[in-house]
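Trainee: Got a structure for you, final-v6.tsv, holding TSV, C-alpha atoms.
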chain	number	residue	atom	x	y	z
Y	1	MET	CA	0.00	0.00	0.00
Y	2	ARG	CA	1.19	3.51	-0.79
Y	3	ASP	CA	2.91	5.30	2.08
Y	4	ARG	CA	1.09	8.62	2.07
Y	5	LEU	CA	3.76	10.28	4.23
Y	6	GLN	CA	6.59	9.51	1.83
Y	7	ARG	CA	5.25	10.13	-1.66
Y	8	PRO	CA	2.33	11.60	-3.57
Y	9	ILE	CA	-0.51	9.62	-5.14
Y	10	ARG	CA	0.70	8.17	-8.45
Y	11	VAL	CA	-1.97	8.43	-11.16
Y	12	LEU	CA	-2.21	7.04	-14.69
Y	13	VAL	CA	-4.54	9.01	-17.01
Y	14	VAL	CA	-6.18	6.97	-19.78
Y	15	ASP	CA	-8.10	8.87	-22.47
Y	16	ASP	CA	-8.08	8.74	-26.27
Y	17	SER	CA	-8.20	12.55	-26.52
Y	18	ALA	CA	-4.80	14.26	-26.34
Y	19	PHE	CA	-6.55	17.40	-25.15
Y	20	MET	CA	-8.30	15.58	-22.29
Y	21	ARG	CA	-5.08	13.83	-21.29
Y	22	LYS	CA	-3.36	17.21	-21.06
Y	23	VAL	CA	-6.20	18.87	-19.13
Y	24	LEU	CA	-6.65	15.99	-16.67
Y	25	THR	CA	-2.91	15.89	-16.05
Y	26	GLU	CA	-2.79	19.63	-15.34
Y	27	LEU	CA	-5.81	19.50	-13.03
Y	28	LEU	CA	-4.48	16.57	-11.04
Y	29	GLN	CA	-0.94	17.91	-10.73
Y	30	SER	CA	-2.25	21.24	-9.48
Y	31	ASP	CA	-2.52	19.41	-6.16
Y	32	PRO	CA	0.89	18.77	-4.54
Y	33	GLN	CA	-0.26	15.40	-3.20
Y	34	ILE	CA	-0.83	13.99	-6.70
Y	35	THR	CA	1.58	13.20	-9.52
Y	36	VAL	CA	0.64	11.83	-12.95
Y	37	VAL	CA	3.18	9.12	-13.72
Y	38	ASP	CA	2.08	8.75	-17.34
Y	39	THR	CA	-0.83	8.97	-19.76
Y	40	ALA	CA	-2.26	6.39	-22.18
Y	41	ARG	CA	-4.03	6.97	-25.50
Y	42	ASP	CA	-6.33	3.92	-25.36
Y	43	GLY	CA	-7.27	0.97	-23.23
Y	44	GLN	CA	-4.58	-1.38	-24.48
Y	45	ASP	CA	-1.90	1.22	-23.89
Y	46	GLY	CA	-3.41	1.91	-20.48
Y	47	LEU	CA	-3.46	-1.75	-19.47
Y	48	GLU	CA	0.18	-2.22	-20.41
Y	49	LYS	CA	1.15	0.84	-18.36
Y	50	VAL	CA	-0.90	-0.26	-15.36
Y	51	LEU	CA	1.01	-3.54	-15.31
Y	52	ARG	CA	4.38	-1.84	-15.81
Y	53	LEU	CA	4.02	1.32	-13.69
Y	54	GLU	CA	1.72	0.00	-10.94
Y	55	PRO	CA	-0.03	3.34	-10.28
Y	56	ASP	CA	-2.04	4.01	-7.13
Y	57	VAL	CA	-5.08	5.21	-9.12
Y	58	VAL	CA	-6.21	5.11	-12.76
Y	59	THR	CA	-8.54	7.64	-14.37
Y	60	LEU	CA	-10.28	5.89	-17.24
Y	61	ASP	CA	-12.33	7.06	-20.21
Y	62	ILE	CA	-15.06	4.75	-21.52
Y	63	GLU	CA	-15.15	5.26	-25.29
Y	64	MET	CA	-11.70	4.44	-26.69
Y	65	PRO	CA	-10.26	2.56	-29.69
Y	66	ARG	CA	-8.62	-0.90	-29.54
Y	67	LEU	CA	-9.79	-1.66	-25.99
Y	68	ASP	CA	-12.66	0.37	-24.53
Y	69	GLY	CA	-13.10	1.36	-20.89
Y	70	PHE	CA	-15.13	-1.73	-20.00
Y	71	GLY	CA	-12.59	-4.14	-21.44
Y	72	THR	CA	-9.75	-2.21	-19.83
Y	73	LEU	CA	-11.49	-2.20	-16.45
Y	74	ARG	CA	-12.13	-5.95	-16.60
Y	75	GLU	CA	-8.49	-6.63	-17.42
Y	76	ILE	CA	-7.20	-4.32	-14.69
Y	77	MET	CA	-9.44	-5.95	-12.10
Y	78	ALA	CA	-8.43	-9.43	-13.25
Y	79	ARG	CA	-4.68	-8.85	-13.61
Y	80	ARG	CA	-3.77	-6.08	-11.17
Y	81	PRO	CA	-6.74	-4.74	-9.16
Y	82	THR	CA	-6.24	-0.98	-8.91
Y	83	PRO	CA	-8.63	1.80	-7.82
Y	84	VAL	CA	-10.21	3.21	-10.98
Y	85	VAL	CA	-12.06	6.52	-11.31
Y	86	MET	CA	-14.15	6.67	-14.48
Y	87	VAL	CA	-14.20	9.97	-16.38
Y	88	SER	CA	-17.40	9.79	-18.39
Y	89	SER	CA	-19.79	11.90	-20.42
Y	90	HIS	CA	-22.65	13.61	-18.55
Y	91	THR	CA	-25.34	12.21	-20.88
Y	92	SER	CA	-27.95	9.49	-20.51
Y	93	GLU	CA	-25.69	7.13	-22.48
Y	94	GLY	CA	-22.72	8.18	-20.37
Y	95	ALA	CA	-24.69	7.61	-17.17
Y	96	GLU	CA	-25.66	4.09	-18.25
Y	97	ALA	CA	-22.05	3.30	-19.11
Y	98	THR	CA	-20.84	4.71	-15.80
Y	99	ILE	CA	-23.24	2.54	-13.80
Y	100	ARG	CA	-22.06	-0.51	-15.73
Y	101	ALA	CA	-18.43	0.38	-14.95
Y	102	LEU	CA	-19.17	0.88	-11.24
Y	103	ALA	CA	-20.86	-2.52	-11.18
Y	104	LEU	CA	-17.69	-4.03	-12.67
Y	105	GLY	CA	-15.51	-2.61	-9.90
Y	106	ALA	CA	-14.67	1.03	-10.63
Y	107	VAL	CA	-14.40	2.93	-7.36
Y	108	ASP	CA	-15.92	6.25	-8.43
Y	109	PHE	CA	-16.56	8.56	-11.37
Y	110	VAL	CA	-16.34	12.16	-12.52
Y	111	ALA	CA	-18.69	13.41	-15.24
Y	112	LYS	CA	-17.24	15.42	-18.11
Y	113	PRO	CA	-19.40	18.57	-18.02
Y	114	SER	CA	-19.81	19.03	-21.79
Y	115	GLY	CA	-19.21	15.82	-23.67
Y	116	SER	CA	-16.26	13.60	-24.51
Y	117	ILE	CA	-13.97	16.60	-25.12
Y	118	SER	CA	-14.92	19.13	-22.43
Y	119	LEU	CA	-13.32	22.53	-22.83
Y	120	ASN	CA	-14.64	23.48	-19.39
Y	121	MET	CA	-13.24	20.45	-17.57
Y	122	HIS	CA	-11.55	22.81	-15.12
Y	123	ILE	CA	-14.86	23.29	-13.27
Y	124	THR	CA	-14.58	19.68	-12.05
Y	125	ARG	CA	-11.07	20.20	-10.63
Y	126	ASP	CA	-12.00	20.00	-6.93
Y	127	GLU	CA	-14.27	16.98	-7.48
Y	128	LEU	CA	-11.64	15.19	-9.58
Y	129	VAL	CA	-8.88	15.75	-7.03
Y	130	ALA	CA	-11.10	14.72	-4.10
Y	131	LYS	CA	-12.25	11.53	-5.80
Y	132	VAL	CA	-8.74	10.52	-6.84
Y	133	LYS	CA	-7.56	11.05	-3.26
Y	134	GLY	CA	-10.51	9.03	-1.98
Y	135	ALA	CA	-9.81	6.26	-4.48
Y	136	ALA	CA	-6.19	6.06	-3.34
Y	137	GLY	CA	-7.42	4.87	0.06
Y	138	ALA	CA	-10.02	2.48	-1.38
Y	139	THR	CA	-9.78	-1.27	-1.85
Y	140	PRO	CA	-10.78	-2.31	-5.38
Y	141	ARG	CA	-13.21	-5.25	-5.41
Y	142	VAL	CA	-13.65	-7.67	-8.27
Y	143	ARG	CA	-17.43	-7.93	-8.64
Y	144	THR	CA	-19.15	-11.01	-9.99
Y	145	VAL	CA	-22.12	-10.30	-12.23
Y	146	VAL	CA	-25.39	-11.57	-10.75
Y	147	PRO	CA	-27.34	-13.30	-13.56
Y	148	PRO	CA	-30.78	-11.91	-14.49
Y	149	PRO	CA	-33.79	-13.62	-12.87
Y	150	PRO	CA	-35.20	-16.66	-14.70
Y	151	ARG	CA	-37.58	-15.85	-17.53
Y	152	LEU	CA	-41.17	-16.82	-17.08
Y	153	PRO	CA	-42.47	-19.73	-19.22
Y	154	GLY	CA	-43.51	-18.57	-22.65
Y	155	ARG	CA	-41.78	-15.20	-22.33
Y	156	VAL	CA	-40.43	-13.94	-25.64
Y	157	GLN	CA	-36.64	-14.06	-25.65
Y	158	GLY	CA	-34.82	-10.80	-26.09
Y	159	PRO	CA	-33.93	-7.84	-23.89
Y	160	VAL	CA	-35.12	-8.14	-20.31
Y	161	PRO	CA	-38.32	-6.04	-20.13
Y	162	VAL	CA	-38.92	-3.43	-17.48
Y	163	VAL	CA	-40.69	-5.12	-14.59
Y	164	ARG	CA	-43.83	-3.30	-13.50
Y	165	PRO	CA	-44.79	-3.02	-9.83
Y	166	ARG	CA	-46.98	-5.87	-8.71
Y	167	PRO	CA	-50.37	-5.24	-7.14
Y	168	VAL	CA	-50.16	-5.90	-3.42
Y	169	ALA	CA	-52.81	-6.53	-0.85
Y	170	GLY	CA	-54.07	-3.27	0.57
Y	171	GLY	CA	-53.38	-1.22	-2.57
Y	172	ASP	CA	-51.23	1.79	-1.72
Y	173	ARG	CA	-51.34	1.34	2.03
Y	174	PRO	CA	-47.82	1.47	3.54
Y	175	PRO	CA	-46.22	-1.98	3.83
Y	176	ARG	CA	-45.95	-3.53	7.26
Y	177	ARG	CA	-42.18	-3.77	6.93
Y	178	LEU	CA	-39.60	-1.45	5.36
Y	179	VAL	CA	-35.92	-1.73	4.42
Y	180	VAL	CA	-33.61	1.30	4.05
Y	181	ILE	CA	-30.23	0.79	2.37
Y	182	GLY	CA	-27.59	3.53	2.43
Y	183	CYS	CA	-24.28	3.65	0.59
Y	184	SER	CA	-21.68	5.90	-0.99
Y	185	THR	CA	-18.32	5.09	-2.63
Y	186	GLY	CA	-18.48	1.53	-3.93
Y	187	GLY	CA	-22.24	1.44	-3.41
Y	188	PRO	CA	-23.36	0.71	-6.99
Y	189	GLY	CA	-21.22	-2.41	-7.08
Y	190	ALA	CA	-22.54	-3.51	-3.69
Y	191	LEU	CA	-26.14	-2.87	-4.72
Y	192	HIS	CA	-25.59	-5.08	-7.76
Y	193	GLN	CA	-24.71	-7.88	-5.33
Y	194	ILE	CA	-27.81	-7.34	-3.17
Y	195	ILE	CA	-30.87	-6.12	-5.08
Y	196	PRO	CA	-30.82	-8.86	-7.79
Y	197	ARG	CA	-30.75	-11.45	-5.01
Y	198	LEU	CA	-33.96	-10.20	-3.36
Y	199	PRO	CA	-37.13	-12.14	-4.16
Y	200	GLY	CA	-39.76	-10.46	-6.32
Y	201	ASP	CA	-42.39	-11.00	-3.62
Y	202	LEU	CA	-40.36	-9.52	-0.76
Y	203	PRO	CA	-42.92	-8.65	1.97
Y	204	ALA	CA	-41.41	-5.20	2.51
Y	205	GLY	CA	-40.79	-1.94	0.72
Y	206	VAL	CA	-37.17	-1.03	0.00
Y	207	LEU	CA	-35.67	2.48	-0.10
Y	208	VAL	CA	-32.14	2.97	-1.45
Y	209	VAL	CA	-30.11	6.10	-0.72
Y	210	GLN	CA	-26.94	6.14	-2.82
Y	211	HIS	CA	-24.74	9.24	-2.76
Y	212	MET	CA	-24.78	10.13	-6.46
Y	213	PRO	CA	-25.37	13.29	-8.52
Y	214	PRO	CA	-28.52	13.98	-10.58
Y	215	GLY	CA	-28.86	12.04	-13.81
Y	216	PHE	CA	-27.05	8.93	-12.62
Y	217	THR	CA	-29.51	7.49	-10.08
Y	218	ARG	CA	-32.08	6.86	-12.82
Y	219	SER	CA	-29.55	4.81	-14.77
Y	220	LEU	CA	-28.65	2.95	-11.57
Y	221	ALA	CA	-32.31	2.10	-10.94
Y	222	GLU	CA	-32.89	1.03	-14.55
Y	223	ARG	CA	-29.82	-1.20	-14.53
Y	224	LEU	CA	-30.85	-2.87	-11.25
Y	225	ASN	CA	-34.39	-3.31	-12.57
Y	226	GLU	CA	-33.08	-5.20	-15.60
Y	227	LEU	CA	-31.16	-7.60	-13.36
Y	228	SER	CA	-33.70	-8.14	-10.60
Y	229	ALA	CA	-36.87	-10.08	-9.89
Y	230	ILE	CA	-38.04	-7.25	-7.64
Y	231	PRO	CA	-39.07	-4.04	-9.49
Y	232	VAL	CA	-36.68	-1.11	-9.12
Y	233	LYS	CA	-37.30	2.52	-10.08
Y	234	GLU	CA	-36.05	6.01	-9.30
Y	235	ALA	CA	-38.42	7.55	-6.76
Y	236	ARG	CA	-40.74	10.43	-7.64
Y	237	ALA	CA	-42.59	12.74	-5.28
Y	238	GLY	CA	-45.93	11.17	-4.32
Y	239	ASP	CA	-44.90	7.58	-5.10
Y	240	PRO	CA	-46.43	5.14	-2.59
Y	241	VAL	CA	-44.01	2.90	-0.74
Y	242	ARG	CA	-45.08	-0.65	-1.70
Y	243	ALA	CA	-44.10	-4.11	-0.59
Y	244	GLY	CA	-42.05	-5.87	-3.24
Y	245	GLU	CA	-40.69	-2.70	-4.83
Y	246	VAL	CA	-37.38	-0.80	-4.59
Y	247	LEU	CA	-37.32	3.00	-4.78
Y	248	VAL	CA	-33.97	4.75	-5.37
Y	249	ALA	CA	-33.57	8.33	-4.09
Y	250	PRO	CA	-32.92	10.67	-7.03
Y	251	GLY	CA	-29.56	12.43	-7.04
Y	252	GLY	CA	-29.71	15.94	-5.63
Y	253	TYR	CA	-32.82	15.30	-3.49
Y	254	HIS	CA	-33.35	14.19	0.08
Y	255	MET	CA	-35.99	11.44	0.23
Y	256	THR	CA	-38.49	11.10	3.09
Y	257	VAL	CA	-41.77	9.25	3.64
Y	258	ASP	CA	-44.86	11.08	4.86
Y	259	SER	CA	-47.50	9.79	7.30
Y	260	GLU	CA	-49.51	8.31	4.40
Y	261	GLY	CA	-46.55	6.25	3.22
Y	262	ARG	CA	-45.76	8.40	0.18
Y	263	ILE	CA	-42.41	9.64	-1.01
Y	264	GLN	CA	-41.49	13.28	-0.47
Y	265	LEU	CA	-38.46	14.87	-2.14
Y	266	ASP	CA	-36.75	18.12	-1.24
Y	267	GLN	CA	-33.60	20.05	-2.03
Y	268	GLY	CA	-32.89	21.19	1.49
Y	269	PRO	CA	-29.27	21.78	2.54
Y	270	PRO	CA	-26.87	18.84	2.19
Y	271	VAL	CA	-26.47	16.77	5.35
Y	272	HIS	CA	-22.94	15.52	6.10
Y	273	GLY	CA	-22.06	17.23	2.80
Y	274	VAL	CA	-24.37	15.03	0.72
Y	275	ARG	CA	-27.85	15.09	-0.80
Y	276	PRO	CA	-29.52	12.60	-0.69
Y	277	ALA	CA	-28.49	11.65	2.82
Y	278	VAL	CA	-29.35	8.35	4.51
Y	279	ASP	CA	-29.84	10.01	7.88
Y	280	VAL	CA	-32.60	12.22	6.46
Y	281	THR	CA	-34.50	9.20	5.15
Y	282	LEU	CA	-34.04	7.21	8.36
Y	283	ALA	CA	-35.22	10.14	10.49
Y	284	SER	CA	-38.52	10.14	8.60
Y	285	VAL	CA	-39.20	6.40	8.76
Y	286	VAL	CA	-37.99	5.30	12.21
Y	287	PRO	CA	-40.98	6.92	13.99
Y	288	GLN	CA	-43.42	5.21	11.59
Y	289	TRP	CA	-41.97	1.72	11.25
Y	290	GLY	CA	-39.90	1.37	14.45
Y	291	ASN	CA	-39.23	-2.31	15.14
Y	292	ARG	CA	-40.63	-3.26	11.71
Y	293	LEU	CA	-37.73	-1.46	10.00
Y	294	VAL	CA	-34.48	-2.94	8.68
Y	295	GLY	CA	-31.53	-0.60	8.14
Y	296	VAL	CA	-28.50	-1.51	6.02
Y	297	ILE	CA	-25.32	0.56	5.68
Y	298	LEU	CA	-22.92	-0.39	2.92
Y	299	THR	CA	-19.51	0.75	1.72
Y	300	GLY	CA	-18.77	4.48	1.64
Y	301	MET	CA	-16.76	7.37	3.00
Y	302	GLY	CA	-17.93	9.45	5.92
Y	303	TYR	CA	-20.53	8.75	8.57
Y	304	ASP	CA	-23.92	9.32	6.94
Y	305	GLY	CA	-26.46	6.85	8.31
Y	306	ALA	CA	-24.78	6.31	11.68
Y	307	LYS	CA	-27.14	8.58	13.62
Y	308	GLY	CA	-30.17	7.01	11.97
Y	309	MET	CA	-28.96	3.48	12.68
Y	310	VAL	CA	-28.55	4.30	16.38
Y	311	SER	CA	-32.13	5.61	16.47
Y	312	LEU	CA	-33.35	2.56	14.58
Y	313	LEU	CA	-31.65	0.18	16.99
Y	314	ARG	CA	-33.18	1.99	19.97
Y	315	ALA	CA	-36.60	1.67	18.32
Y	316	GLY	CA	-36.16	-2.10	18.16
Y	317	GLY	CA	-35.43	-2.37	14.44
Y	318	TRP	CA	-32.88	-4.64	12.78
Y	319	THR	CA	-29.53	-3.16	11.70
Y	320	ILE	CA	-26.96	-4.57	9.26
Y	321	ALA	CA	-23.53	-3.17	8.38
Y	322	GLU	CA	-21.31	-4.39	5.55
Y	323	ASP	CA	-18.16	-6.13	6.73
Y	324	ALA	CA	-14.78	-4.54	6.02
Y	325	SER	CA	-13.75	-7.58	3.99
Y	326	THR	CA	-16.01	-6.61	1.07
Y	327	CYS	CA	-16.14	-2.79	1.42
Y	328	VAL	CA	-14.47	-0.60	-1.17
Y	329	VAL	CA	-14.25	2.07	1.55
Y	330	TYR	CA	-14.82	0.93	5.13
Y	331	GLY	CA	-16.11	4.26	6.41
Y	332	MET	CA	-19.88	4.46	6.88
Y	333	PRO	CA	-20.25	0.86	8.11
Y	334	LYS	CA	-17.24	1.24	10.39
Y	335	VAL	CA	-18.85	4.14	12.26
Y	336	VAL	CA	-22.07	2.13	12.69
Y	337	VAL	CA	-20.09	-0.82	14.09
Y	338	GLU	CA	-17.99	1.37	16.39
Y	339	LEU	CA	-21.18	2.94	17.81
Y	340	GLY	CA	-22.49	-0.54	18.59
Y	341	ALA	CA	-25.44	0.03	16.26
Y	342	ALA	CA	-25.01	-3.05	14.05
Y	343	ARG	CA	-26.87	-6.22	15.02
Y	344	GLU	CA	-25.26	-8.02	12.10
Y	345	VAL	CA	-21.96	-7.36	10.29
Y	346	LEU	CA	-21.92	-9.28	7.02
Y	347	PRO	CA	-20.02	-9.55	3.73
Y	348	VAL	CA	-21.97	-8.05	0.86
Y	349	HIS	CA	-22.92	-11.39	-0.71
Y	350	ALA	CA	-24.72	-12.43	2.50
Y	351	ILE	CA	-26.79	-9.28	2.95
Y	352	ALA	CA	-29.70	-10.06	0.61
Y	353	GLU	CA	-30.41	-13.28	2.47
Y	354	ALA	CA	-30.21	-11.44	5.80
Y	355	ILE	CA	-32.70	-8.82	4.59
Y	356	THR	CA	-35.10	-11.49	3.35
Y	357	ARG	CA	-34.86	-13.33	6.63
Y	358	ALA	CA	-35.33	-10.19	8.73
Y	359	VAL	CA	-38.48	-8.99	6.93
Y	360	GLY	CA	-39.95	-12.49	6.98
Y	361	GLU	CA	-39.80	-12.77	10.76
Y	362	GLY	CA	-42.62	-11.63	13.01
Output the structure of this file as structure tokens.

Mentor:
Amino acid sequence: MRDRLQRPIRVLVVDDSAFMRKVLTELLQSDPQITVVDTARDGQDGLEKVLRLEPDVVTLDIEMPRLDGFGTLREIMARRPTPVVMVSSHTSEGAEATIRALALGAVDFVAKPSGSISLNMHITRDELVAKVKGAAGATPRVRTVVPPPPRLPGRVQGPVPVVRPRPVAGGDRPPRRLVVIGCSTGGPGALHQIIPRLPGDLPAGVLVVQHMPPGFTRSLAERLNELSAIPVKEARAGDPVRAGEVLVAPGGYHMTVDSEGRIQLDQGPPVHGVRPAVDVTLASVVPQWGNRLVGVILTGMGYDGAKGMVSLLRAGGWTIAEDASTCVVYGMPKVVVELGAAREVLPVHAIAEAITRAVGEG
């Protein structure tokens, strides 16, 4: 592991645009704690330099000749796991590609503000530097792809269709049980290990709060929906919380649940520096669900969710924290554990089963 006291963070920049390579290098090296050891013009060149130079962090474009970002990421994770920060286009296509890369093991991402060649990339300087520094302390995880749920008999083969919410007994009445999942850095990959493993008839509603900017949470929800038996969608104001359905908080909005069991969204001040924040969601649901609530805190930097998990535990609910052995960043779960607020501490691949068991009891 890099000795932070002795040398700066060594970064390899991989992008097929000479202009972007130059700009990213200048932005990163404007911070004295970062040095760019080299650049690469495509994925193949980047892979060879990762193996030869052994950088601390790689910034990786997605659309490149010879070997694209996905192929490069797979090879890096297979041959020399290294923290990777994706630098992707801020478009719907770019968001979809970014979610796919995060599911494959990328640690984080920075969106190019104006397309593949962004002349105003300098506005992302602080975000880029912060995420590279965060990635340097992360543990890259090779993620296995959870297969899509079995197709129903007689279903036409082809792309997996969007799964529509199932009618549940009681219509739009709030479900008896509720699950809240919170995560940050490394969260998309962890969610891909949990949500597709939940049964389609889970007798509880599920709320997901992933620290992510606007435009990307919809792609995250759509991707999870394609892979899962349980329906997944980005939450909208007024949506009822239903059993057997997952609602993902939209980027840029805090998500709460009102007394009628409907989603409320607001753009109030960030909490712990983030919006959406897990603590905001937990504060709204603990009084309503109490001991019928399951809280789950996954990989991520900071301490969002810790206060809410303490309140949930005191209310008699069930609390789960991801174990350090599978976290990309053991930050948020660590605080929960240190506060004594975790009834279970589990590796990510065991969490779906624990959720299913917890909501099926009582």

Trainee: Looking at Y:Leu313, Y:Ala229, Y:Ala97, Y:Val209, which one is nearest to Ile195 (chain Y), with distances taken over all atoms listed in the file?

Mentor: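 So, comparing all the options, the nearest one is Y:Ala229.
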
Trainee: Which one of Y:Pro196, Y:Gly46, Y:Pro81, Y:Gly205 sits closest to Arg66 (chain Y) if you count only C-alpha atoms?

Mentor: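 So, comparing all the options, the nearest one is Y:Gly46.
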
Trainee: Could you list as an NGL selection string every residue that has an atom within 10 Å of (-25.7, 11.5, 4.1), using the file's coordinates and counting only C-alpha atoms?

Mentor: :Y and (182-184 or 209-211 or 254 or 270-281 or 301-306 or 332)

Trainee: Check the smallest atom-to-atom distance from each of Y:Leu51, Y:Val58, Y:Val36, Y:Ala342 to Ala78 (chain Y) using only C-alpha atoms, then report the winner.

Mentor: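 Distance minimum relative to Ala78 (chain Y) lands on Y:Leu51.
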
Trainee: Which neighbours of Gly360 (chain Y) fall inside 10 Å, counting all atoms listed in the file, when residues of the same chain fewer than 5 positions from it are skipped, and could you give them as JSON, numbers by chain?

Mentor: {"Y": [177, 202, 203, 204, 354, 355]}

Trainee: Considering only C-alpha atoms, state which residue in the set Y:Ala352, Y:Ala136, Y:Ile9, Y:Val359 is at the smallest distance from Val37 (chain Y).

Mentor: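 That would be Y:Ile9, the residue with the smallest distance to Val37 (chain Y).
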
Trainee: Please measure the separation of CA of Asp15 (chain Y) and CA of Gly187 (chain Y), giving the value in Å to one decimal.

Mentor: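 Taking CA of Asp15 (chain Y) as the start and CA of Gly187 (chain Y) as the end point, the length is 24.9 Å.
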
Trainee: I need the residue nearest Arg357 (chain Y) from this list: Y:Leu198, Y:Val142, Y:Gly252, Y:Phe216. Use all atoms listed in the file for the distance.

Mentor: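 Comparing Y:Leu198, Y:Val142, Y:Gly252, Y:Phe216 against Arg357 (chain Y), the winner is Y:Leu198.
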
Trainee: What lies within 7 Å of Ile34 (chain Y) using all atoms listed in the file, ignoring chain neighbours under 5 positions off, as a PyMOL selection string?

Mentor: chain Y and resi 8-10+28-29

Trainee: How many Å lie between CA of Asp68 (chain Y) and CA of Met86 (chain Y), rounded to one decimal?

Mentor: 12.0 Å

Trainee: What is the CA of Asp239 (chain Y) to CA of Gly316 (chain Y) distance in Å?

Mentor: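 Calculated distance between CA of Asp239 (chain Y) and CA of Gly316 (chain Y) is 26.7 Å.
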
Trainee: Smallest atom-to-atom distance to Asp16 (chain Y): which of Y:Gly215, Y:Gly261, Y:Gly69, Y:Gly300, using all atoms listed in the file?

Mentor: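 The closest residue to Asp16 (chain Y) is Y:Gly69.
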
Trainee: Env of Val285 (chain Y): 8 Å cut, atoms = all atoms listed in the file, seq-sep filter 4 positions within chain, self excluded. Answer as an NGL selection string.

Mentor: :Y and (256-257 or 281 or 289-290)

Trainee: Hey, can I get the axis-aligned box for region 280-288 of chain Y? All listed atoms, 5 Å padding on each side, centre and edge lengths in Å to one decimal, as AutoDock Vina command-line options.

Mentor:
--center_x -38.0 --center_y 8.7 --center_z 9.6 --size_x 20.8 --size_y 17.0 --size_z 18.8

Trainee: For Gln288 (chain Y), work out the shell of residues within 10 Å, counting all atoms listed in the file and skipping chain neighbours fewer than 4 positions away, then give it as a list in words.

Mentor: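 The residues that qualify are Pro174, Leu178, Val257, Asp258, Ser259, Glu260, Gly261, Ala283, Ser284, Arg292 and Leu293 of chain Y.
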